[in-house]
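Working notes, beginning with the structure itself.
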Amino acid sequence: MAKSKKSPKVRKIAPKRPESGPRQQVPAKGASSSGGGLFSPDSIRETIESVVIAFILAFLFRTFEAEAFVIPTGSMAPTLMGRHKDVECPECGFFYRVTASQEVDSETNRLTGVWTVGGTCPMCRFPAKIGDENPQGKRYKSYSGDRILVEKFPFQFRDPERFEVCVFKFPGGPKTNYIKRICGLPNETLCIRHGDLFVRPIGAPKEEETIARKKDPKKLLAILQPVYDTNYISPTLIAAGFPQRWINGDGALLTAPDAWNSEDHKSFRIDGQGTEDVWLRYQHVVPNETDWMYLKEGTAPSSFPKSQLISDFTAYNTKTTSRHQVGCPLSGLGVHWVGDLVLECDTTITSPSGQILLELVEGGRRFLCTLDVATGVASLSIDGQSSLGTPKAETGLHGGGRHHLRFANVDDQLQLWVDQKEIAFDAPTTYAPLGNVVPTQADLQPAGIASRGAAMEVHRIRLLRDLYYIADDSSARGYPLSDYQLRNAYGGPPDEKDVREFLSDPDLWFEFANFQEVEFPLEEDEFLALGDNSGESKDSRLWRSEDGVGPQVPRDLLIGKALFIYWPHSEDRIPGTSIPFPFFPNFKRMWVIR
């Protein structure tokens, strides 16, 4: 089935004119005014000058400084929201958004009569009905996209930096404005492979290729997407005995002695009396629409699902519409394995010594961070070896207490944060490609937390993933690449059951080694622009055949840098209360665009 491509256009908002010009000087009492009164020639001239200056300033501000735009589609989700619906999952309470761009024609701005009536929660995968007649009895409004300010001044003097969000004129129709992340820079060849971006000087051999890293940690944290959060547990799944995500690594129950214990599956404790490493591991066991059908009828599924690989599942793309009410597109289900992960947790350490271990798995390779409770020293390793050069660092984790930990393995680099502070190590934490592009059995438990003689409790455990760039240049007619692979594996169009089987069966994963890669050479003053929502973004990858233009964005079509979300959709009531308040500012989503 064809994969829809959302138009990444941005609609321009005319800037408001300043209400007045510069404030006039008021003569002090008793002082003489040379103008001779309110309607003197000097006063009239000053008023006219003020109005003219106001117009000039407004023109200059619009031309050279900043301009306002509205985002109509979700090609940059979750960074920027197009027209969408807000959903609070009826099962676990997680808040997410689902696209509603198809409800309005992008050219005429008129309603199409095709409504978003469903979406799928990224935590518990409950397929919520959000049409007019929904079981929750709620009204799910469709909100217009984010309104943003675009700074036009910077590119008068410099080129965009890699991963900056920019507005530019579409090469195939300069009257149309697009917004994307600039990923390819002049005089280089950019390659998309296994979800990551690689670059080399144009004309250089592939041996000189390096991975394109998000060097700004704030940018990395801004684009991460949720996989699971223990604050959002479905009571229905627990009551049905559905396999839980975080389990004891040796298979022991969460009530066993000398193991991790939990009563609510939200927080986990260990007494630290054992001498061996005691692991709490994550398994990606997710129900599907059929499972939920049985569960809501009060019966258990015939069999529980197996653990599967973490994929590029994107809740924003899981819409069901009034014309197609069954299932969601494969681009929403996520059919590409994502190995770049981030593990977060809050910890309460009650012993003065011992060690805490955080582990992430990618392609069978184990990436480990060890934190010594007594000294606060952190060290990094791969597969238990010192292949990184044994980088070490001092942290604020001395003698226990409460701490927030975050460990990341993204873009062939390991990073650690303690209490929201990024830790600087005494040796590089980047590593050369390890060839781990095909998952193994170990990737079915891709994250873990262990105690080595440390008494502690962990809670609010979050697992997040990096963006996955799909290597699509339209040769697959808009299908995600693994959809193409699934067609080969199953001899026909895949469905949700096929995707689930593919992601949980190691015998099928040899297909990952053959995934397509695409390259884009960029000459002087040429850029490559990609959307964050790669499964639903009509960006540089696809212009070659669909629009009759090359994938490059010429420098003279750049408008400016996306600076700030100044008006996301307003709230309907005062947050945290039931007091109606139309157009209450949505302060929590007013932020600098990373």
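Numbering starts fresh at 1 for the residues of each chain in the structure tokens, the chains themselves are lettered A, B, ... in the order given, and ligands are numbered from 1 as they appear.
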
**OP:** Tell me which protein, DNA and RNA residues are within 7 Å of Ile470 of chain A, counting only C-alpha atoms, leaving out same-chain ones fewer than 2 positions away, and put them as a ChimeraX atom specification.
**Re:** /A:195,468,472,480,534-535

Quick one: write out the picked residues with N, CA, C and O atoms as a JSON list (two decimals), in the first residue's frame?
```
[["chain", "number", "residue", "atom", "x", "y", "z"],
["A", 195, "GLY", "N", 19.38, 4.53, 9.05],
["A", 195, "GLY", "CA", 18.80, 5.54, 9.91],
["A", 195, "GLY", "C", 19.71, 6.69, 10.28],
["A", 195, "GLY", "O", 19.25, 7.69, 10.83],
["A", 468, "TYR", "N", 15.09, 8.38, 13.10],
["A", 468, "TYR", "CA", 15.54, 7.41, 12.11],
["A", 468, "TYR", "C", 15.25, 8.00, 10.74],
["A", 468, "TYR", "O", 14.09, 8.24, 10.38],
["A", 472, "ASP", "N", 15.23, 6.66, 1.47],
["A", 472, "ASP", "CA", 14.23, 6.57, 0.41],
["A", 472, "ASP", "C", 14.48, 7.69, -0.59],
["A", 472, "ASP", "O", 14.52, 8.86, -0.23],
["A", 480, "PRO", "N", 8.22, 2.59, 2.90],
["A", 480, "PRO", "CA", 9.40, 2.47, 3.77],
["A", 480, "PRO", "C", 10.24, 1.30, 3.30],
["A", 480, "PRO", "O", 9.71, 0.31, 2.80],
["A", 534, "SER", "N", 10.49, 11.40, 9.35],
["A", 534, "SER", "CA", 10.99, 10.89, 8.08],
["A", 534, "SER", "C", 9.97, 10.01, 7.34],
["A", 534, "SER", "O", 9.94, 9.99, 6.12],
["A", 535, "GLY", "N", 9.13, 9.29, 8.08],
["A", 535, "GLY", "CA", 8.14, 8.44, 7.44],
["A", 535, "GLY", "C", 7.02, 9.19, 6.77],
["A", 535, "GLY", "O", 6.29, 8.64, 5.94]]
```

Original post:
as a ChimeraX atom specification, which residues of segment 364-464 of chain A does DSSP assign to strand (DSSP E)?
Top reply: /A:365-372,377-382,392-394,401-409,414-418,421-422,447-452,456-464

**OP:** Identify, with DSSP run on backbone atoms, the residues in segment 160-287 of chain A assigned to alpha helix (DSSP H), and express the list as a PyMOL selection string.
**Re:** chain A and resi 217-223+235-239

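Residues within 8 Å of His459 of chain A, counting only C-alpha atoms and excluding same-chain residues fewer than 2 positions away, are Thr230, Lys266, Ser267, Phe268, Cys345, Asp346, Thr347, Glu457 and Ile461 of chain A.
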
Hey, can you spit out that residue selection with all heavy atoms as a PDB file, in the first residue's frame?
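The file below, selection11.pdb, is the result:
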```
ATOM      1  N   THR A 230       7.841   4.376  32.684  1.00  0.00           N
ATOM      2  CA  THR A 230       7.158   3.608  33.720  1.00  0.00           C
ATOM      3  C   THR A 230       6.115   4.411  34.492  1.00  0.00           C
ATOM      4  O   THR A 230       5.378   3.831  35.294  1.00  0.00           O
ATOM      5  CB  THR A 230       8.167   3.019  34.724  1.00  0.00           C
ATOM      6  OG1 THR A 230       8.936   4.093  35.300  1.00  0.00           O
ATOM      7  CG2 THR A 230       9.102   2.036  34.043  1.00  0.00           C
ATOM      8  N   LYS A 266       6.256   0.483  38.499  1.00  0.00           N
ATOM      9  CA  LYS A 266       6.696   1.857  38.250  1.00  0.00           C
ATOM     10  C   LYS A 266       8.019   2.150  38.936  1.00  0.00           C
ATOM     11  O   LYS A 266       8.826   2.926  38.429  1.00  0.00           O
ATOM     12  CB  LYS A 266       5.635   2.850  38.731  1.00  0.00           C
ATOM     13  CG  LYS A 266       4.337   2.805  37.955  1.00  0.00           C
ATOM     14  CD  LYS A 266       3.378   3.885  38.433  1.00  0.00           C
ATOM     15  CE  LYS A 266       2.092   3.885  37.622  1.00  0.00           C
ATOM     16  NZ  LYS A 266       1.165   4.960  38.060  1.00  0.00           N
ATOM     17  N   SER A 267       8.223   1.563  40.108  1.00  0.00           N
ATOM     18  CA  SER A 267       9.484   1.715  40.826  1.00  0.00           C
ATOM     19  C   SER A 267       9.999   0.332  41.199  1.00  0.00           C
ATOM     20  O   SER A 267       9.217  -0.607  41.403  1.00  0.00           O
ATOM     21  CB  SER A 267       9.301   2.583  42.078  1.00  0.00           C
ATOM     22  OG  SER A 267       8.356   1.985  42.962  1.00  0.00           O
ATOM     23  N   PHE A 268      11.347   0.224  41.311  1.00  0.00           N
ATOM     24  CA  PHE A 268      11.981  -1.071  41.518  1.00  0.00           C
ATOM     25  C   PHE A 268      13.071  -0.914  42.578  1.00  0.00           C
ATOM     26  O   PHE A 268      13.832   0.056  42.552  1.00  0.00           O
ATOM     27  CB  PHE A 268      12.577  -1.587  40.203  1.00  0.00           C
ATOM     28  CG  PHE A 268      11.586  -1.651  39.066  1.00  0.00           C
ATOM     29  CD1 PHE A 268      11.291  -0.516  38.321  1.00  0.00           C
ATOM     30  CD2 PHE A 268      10.938  -2.834  38.768  1.00  0.00           C
ATOM     31  CE1 PHE A 268      10.369  -0.565  37.283  1.00  0.00           C
ATOM     32  CE2 PHE A 268      10.013  -2.895  37.728  1.00  0.00           C
ATOM     33  CZ  PHE A 268       9.722  -1.762  36.992  1.00  0.00           C
ATOM     34  N   CYS A 345      16.667   7.453  34.307  1.00  0.00           N
ATOM     35  CA  CYS A 345      15.963   6.995  35.506  1.00  0.00           C
ATOM     36  C   CYS A 345      16.271   7.923  36.667  1.00  0.00           C
ATOM     37  O   CYS A 345      17.311   8.587  36.714  1.00  0.00           O
ATOM     38  CB  CYS A 345      16.347   5.559  35.864  1.00  0.00           C
ATOM     39  SG  CYS A 345      18.082   5.326  36.289  1.00  0.00           S
ATOM     40  N   ASP A 346      15.335   7.976  37.609  1.00  0.00           N
ATOM     41  CA  ASP A 346      15.560   8.629  38.894  1.00  0.00           C
ATOM     42  C   ASP A 346      15.987   7.557  39.882  1.00  0.00           C
ATOM     43  O   ASP A 346      15.400   6.459  39.921  1.00  0.00           O
ATOM     44  CB  ASP A 346      14.290   9.318  39.377  1.00  0.00           C
ATOM     45  CG  ASP A 346      13.944  10.534  38.535  1.00  0.00           C
ATOM     46  OD1 ASP A 346      14.874  11.257  38.142  1.00  0.00           O
ATOM     47  OD2 ASP A 346      12.756  10.750  38.257  1.00  0.00           O
ATOM     48  N   THR A 347      16.987   7.832  40.674  1.00  0.00           N
ATOM     49  CA  THR A 347      17.510   6.846  41.607  1.00  0.00           C
ATOM     50  C   THR A 347      17.535   7.402  43.025  1.00  0.00           C
ATOM     51  O   THR A 347      17.780   8.596  43.241  1.00  0.00           O
ATOM     52  CB  THR A 347      18.950   6.421  41.234  1.00  0.00           C
ATOM     53  OG1 THR A 347      19.814   7.560  41.316  1.00  0.00           O
ATOM     54  CG2 THR A 347      18.999   5.865  39.833  1.00  0.00           C
ATOM     55  N   GLU A 457      16.770   2.285  44.857  1.00  0.00           N
ATOM     56  CA  GLU A 457      15.456   2.230  44.219  1.00  0.00           C
ATOM     57  C   GLU A 457      15.520   3.072  42.953  1.00  0.00           C
ATOM     58  O   GLU A 457      16.116   4.165  42.957  1.00  0.00           O
ATOM     59  CB  GLU A 457      14.365   2.774  45.139  1.00  0.00           C
ATOM     60  CG  GLU A 457      12.977   2.770  44.510  1.00  0.00           C
ATOM     61  CD  GLU A 457      11.898   3.294  45.441  1.00  0.00           C
ATOM     62  OE1 GLU A 457      12.205   3.541  46.623  1.00  0.00           O
ATOM     63  OE2 GLU A 457      10.752   3.465  44.986  1.00  0.00           O
ATOM     64  N   ILE A 461      11.561   5.337  35.054  1.00  0.00           N
ATOM     65  CA  ILE A 461      12.530   4.883  34.057  1.00  0.00           C
ATOM     66  C   ILE A 461      11.965   5.206  32.682  1.00  0.00           C
ATOM     67  O   ILE A 461      10.830   4.843  32.359  1.00  0.00           O
ATOM     68  CB  ILE A 461      12.794   3.365  34.157  1.00  0.00           C
ATOM     69  CG1 ILE A 461      13.140   2.971  35.593  1.00  0.00           C
ATOM     70  CG2 ILE A 461      13.925   2.967  33.216  1.00  0.00           C
ATOM     71  CD1 ILE A 461      13.318   1.476  35.782  1.00  0.00           C
TER      72      ILE A 461
END
```

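Distance annotation: of A:Lys206, A:Arg452, A:Lys319, A:Arg110, the residue with the minimal separation from Tyr96 of chain A is A:Lys319; atom set is only C-alpha atoms.
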
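Ranking A:Asp312, A:Asp132, A:Phe425, A:Ile449 by their shortest atom-to-atom distance to Leu224 of chain A, with only C-alpha atoms included, puts A:Asp312 first.
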